[in-house]
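Input: a single structure, listed below in structure tokens.
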Amino acid sequence: MGLKPRIETAFERGLFRSRWLMAPFYAGLALALAMLLVVFLRELFYYLPQAFTAGRGMAPNDAILAVLTLVDLSLTGNLLLIVLFSGYENFVSKLDLEGETDRPPWMGTVDFSGLKMKLIASIVAISGIQLLKTFMNIGKDGYPLNETEAMWGVIIHLAFVASGVLLALMDWLSARTEKH
């Protein structure tokens, strides 16, 4: 009888330690955040001179599209941070940040359910921005309307919205049910 608990205990400890196999994924996401910063800066430095060019400069719709592109990249960066911090803290190890005064208040409090909701909300926002950019380009020279692409964009966005509503409903229902 003494052998089984030792084998089982060793197996369970091995399973528990395997969570550290996720750490390289989070390091990769940190690198992806740096990559996204490079893309953001490239877009910013592309659009910035256009806003100050002599003569007509950037058209208002073009300025809105440029800003939406930057907001889209920012939302994607926020999404990466949420996944990075919440995923690491929920699945690998708590971040030991004693003495950090500017730690965001949500860190350490976002559980898997909260993570799901933050993810889907970010995805819906990003999808909405992409759809708005498509609609703002309708009728512009050099941007022929691809009706099929626009239709699928709307369908995909609505699928994300419906998924978000269903996830929120499932979380609400599970919170109201009695735990066993």
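Naming works like this for the structure tokens: A, B, ... for the chains as they're shown, residue 1 at the start of each chain, ligands 1 onward in shown order.
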Problem set entry | Residues flagged alpha helix (DSSP H) by DSSP in segment 55-162 of chain A, as a PyMOL selection string | chain A and resi 60-91+112-136+147-162
Exercise. Quick one: residues within 9 Å of Ala32 of chain A, only C-alpha atoms counted, chain neighbours fewer than 5 positions away excluded, as a ChimeraX atom specification?
Worked result: /A:27,37,77,80
Problem set entry | Pairwise distance for atom CA of Leu84 of chain A and atom CA of Pro24 of chain A, rounded to one decimal in Å | 11.0 Å
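Taking only C-alpha atoms into account, Leu79 of chain A lies nearest to A:Ala121 out of the set A:Ala63, A:Ala121, A:Leu48, A:Val92.
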Exercise. What is the distance between atom CA of Glu12 of chain A and atom CA of Gly87 of chain A, in Å to one decimal?
Worked result: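 Spanning atom CA of Glu12 of chain A to atom CA of Gly87 of chain A is a straight-line distance of 21.3 Å.
Closest approach to Ala30 of chain A from the set A:Gly128, A:Phe52, A:Phe11, A:Val83 is made by A:Val83, with distances taken over only C-alpha atoms.
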Problem set entry | Nearest candidate to Ser127 of chain A (options A:Leu145, A:Leu158, A:Ala51, A:Leu36; using only C-alpha atoms) |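 Under the stated criterion, the closest residue is A:Leu158.
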Exercise. Which residues come within 12 Å of Ser74 of chain A, counting only C-alpha atoms, excluding same-chain residues fewer than 6 positions away, as a ChimeraX atom specification?
Worked result: /A:33,36-41,43-44,67-68,80-81,122,125-126,129
For the selection you just gave me, I'd like the residues written to a file as a PDB file, in the first residue's frame, keeping N, CA, C and O atoms.
ATOM      1  N   LEU A  33       4.628  41.425 -28.088  1.00  0.00           N
ATOM      2  CA  LEU A  33       4.265  42.790 -27.693  1.00  0.00           C
ATOM      3  C   LEU A  33       5.314  43.778 -28.202  1.00  0.00           C
ATOM      4  O   LEU A  33       4.969  44.861 -28.702  1.00  0.00           O
ATOM      5  N   LEU A  36       4.725  44.196 -31.839  1.00  0.00           N
ATOM      6  CA  LEU A  36       3.571  45.050 -32.066  1.00  0.00           C
ATOM      7  C   LEU A  36       3.936  46.524 -31.864  1.00  0.00           C
ATOM      8  O   LEU A  36       3.441  47.398 -32.582  1.00  0.00           O
ATOM      9  N   LEU A  37       4.802  46.795 -30.917  1.00  0.00           N
ATOM     10  CA  LEU A  37       5.280  48.163 -30.697  1.00  0.00           C
ATOM     11  C   LEU A  37       6.011  48.678 -31.942  1.00  0.00           C
ATOM     12  O   LEU A  37       5.817  49.825 -32.350  1.00  0.00           O
ATOM     13  N   VAL A  38       6.830  47.843 -32.547  1.00  0.00           N
ATOM     14  CA  VAL A  38       7.542  48.235 -33.769  1.00  0.00           C
ATOM     15  C   VAL A  38       6.539  48.574 -34.873  1.00  0.00           C
ATOM     16  O   VAL A  38       6.671  49.591 -35.559  1.00  0.00           O
ATOM     17  N   VAL A  39       5.515  47.748 -35.028  1.00  0.00           N
ATOM     18  CA  VAL A  39       4.493  48.001 -36.055  1.00  0.00           C
ATOM     19  C   VAL A  39       3.743  49.304 -35.738  1.00  0.00           C
ATOM     20  O   VAL A  39       3.494  50.116 -36.630  1.00  0.00           O
ATOM     21  N   PHE A  40       3.394  49.518 -34.455  1.00  0.00           N
ATOM     22  CA  PHE A  40       2.713  50.739 -34.041  1.00  0.00           C
ATOM     23  C   PHE A  40       3.553  51.972 -34.389  1.00  0.00           C
ATOM     24  O   PHE A  40       3.044  52.938 -34.961  1.00  0.00           O
ATOM     25  N   LEU A  41       4.827  51.937 -34.029  1.00  0.00           N
ATOM     26  CA  LEU A  41       5.712  53.075 -34.309  1.00  0.00           C
ATOM     27  C   LEU A  41       5.875  53.302 -35.808  1.00  0.00           C
ATOM     28  O   LEU A  41       5.888  54.446 -36.273  1.00  0.00           O
ATOM     29  N   GLU A  43       3.654  52.628 -38.120  1.00  0.00           N
ATOM     30  CA  GLU A  43       2.410  53.252 -38.581  1.00  0.00           C
ATOM     31  C   GLU A  43       2.341  54.719 -38.150  1.00  0.00           C
ATOM     32  O   GLU A  43       1.952  55.582 -38.922  1.00  0.00           O
ATOM     33  N   LEU A  44       2.721  54.993 -36.907  1.00  0.00           N
ATOM     34  CA  LEU A  44       2.700  56.362 -36.396  1.00  0.00           C
ATOM     35  C   LEU A  44       3.610  57.265 -37.221  1.00  0.00           C
ATOM     36  O   LEU A  44       3.204  58.355 -37.634  1.00  0.00           O
ATOM     37  N   VAL A  67      -6.017  57.019 -37.137  1.00  0.00           N
ATOM     38  CA  VAL A  67      -6.206  56.903 -35.691  1.00  0.00           C
ATOM     39  C   VAL A  67      -6.806  55.543 -35.338  1.00  0.00           C
ATOM     40  O   VAL A  67      -6.394  54.901 -34.365  1.00  0.00           O
ATOM     41  N   LEU A  68      -7.777  55.091 -36.133  1.00  0.00           N
ATOM     42  CA  LEU A  68      -8.374  53.773 -35.877  1.00  0.00           C
ATOM     43  C   LEU A  68      -7.333  52.662 -35.994  1.00  0.00           C
ATOM     44  O   LEU A  68      -7.369  51.698 -35.229  1.00  0.00           O
ATOM     45  N   LEU A  80      -2.802  41.455 -25.536  1.00  0.00           N
ATOM     46  CA  LEU A  80      -1.603  40.665 -25.254  1.00  0.00           C
ATOM     47  C   LEU A  80      -1.206  40.757 -23.783  1.00  0.00           C
ATOM     48  O   LEU A  80      -0.861  39.753 -23.153  1.00  0.00           O
ATOM     49  N   LEU A  81      -1.261  41.970 -23.226  1.00  0.00           N
ATOM     50  CA  LEU A  81      -0.911  42.137 -21.818  1.00  0.00           C
ATOM     51  C   LEU A  81      -1.856  41.381 -20.890  1.00  0.00           C
ATOM     52  O   LEU A  81      -1.419  40.758 -19.916  1.00  0.00           O
ATOM     53  N   SER A 122     -12.193  42.562 -26.137  1.00  0.00           N
ATOM     54  CA  SER A 122     -11.126  43.121 -26.976  1.00  0.00           C
ATOM     55  C   SER A 122     -11.266  42.664 -28.420  1.00  0.00           C
ATOM     56  O   SER A 122     -11.086  43.460 -29.348  1.00  0.00           O
ATOM     57  N   ALA A 125     -14.041  44.587 -30.045  1.00  0.00           N
ATOM     58  CA  ALA A 125     -13.616  45.959 -30.344  1.00  0.00           C
ATOM     59  C   ALA A 125     -12.691  45.998 -31.557  1.00  0.00           C
ATOM     60  O   ALA A 125     -12.855  46.847 -32.454  1.00  0.00           O
ATOM     61  N   ILE A 126     -11.738  45.090 -31.615  1.00  0.00           N
ATOM     62  CA  ILE A 126     -10.808  45.041 -32.751  1.00  0.00           C
ATOM     63  C   ILE A 126     -11.565  44.734 -34.042  1.00  0.00           C
ATOM     64  O   ILE A 126     -11.350  45.372 -35.077  1.00  0.00           O
ATOM     65  N   ILE A 129     -13.506  47.787 -35.169  1.00  0.00           N
ATOM     66  CA  ILE A 129     -12.638  48.795 -35.793  1.00  0.00           C
ATOM     67  C   ILE A 129     -12.293  48.394 -37.221  1.00  0.00           C
ATOM     68  O   ILE A 129     -12.336  49.214 -38.137  1.00  0.00           O
TER      69      ILE A 129
END
Exercise. By how many Å are atom CA of Ser93 of chain A and atom CA of Leu73 of chain A apart?
Worked result: 28.1 Å
Problem set entry | Test item: residues at most 12 Å from Asp171 of chain A, only C-alpha atoms, excluding those fewer than 2 positions along its chain, as a list in words | Asp111, Phe112, Ser113, Gly114, Leu115, Lys116, Met117, Gly164, Val165, Leu166, Leu167, Ala168, Leu169, Leu173, Ser174, Ala175, Arg176 and Thr177 of chain A
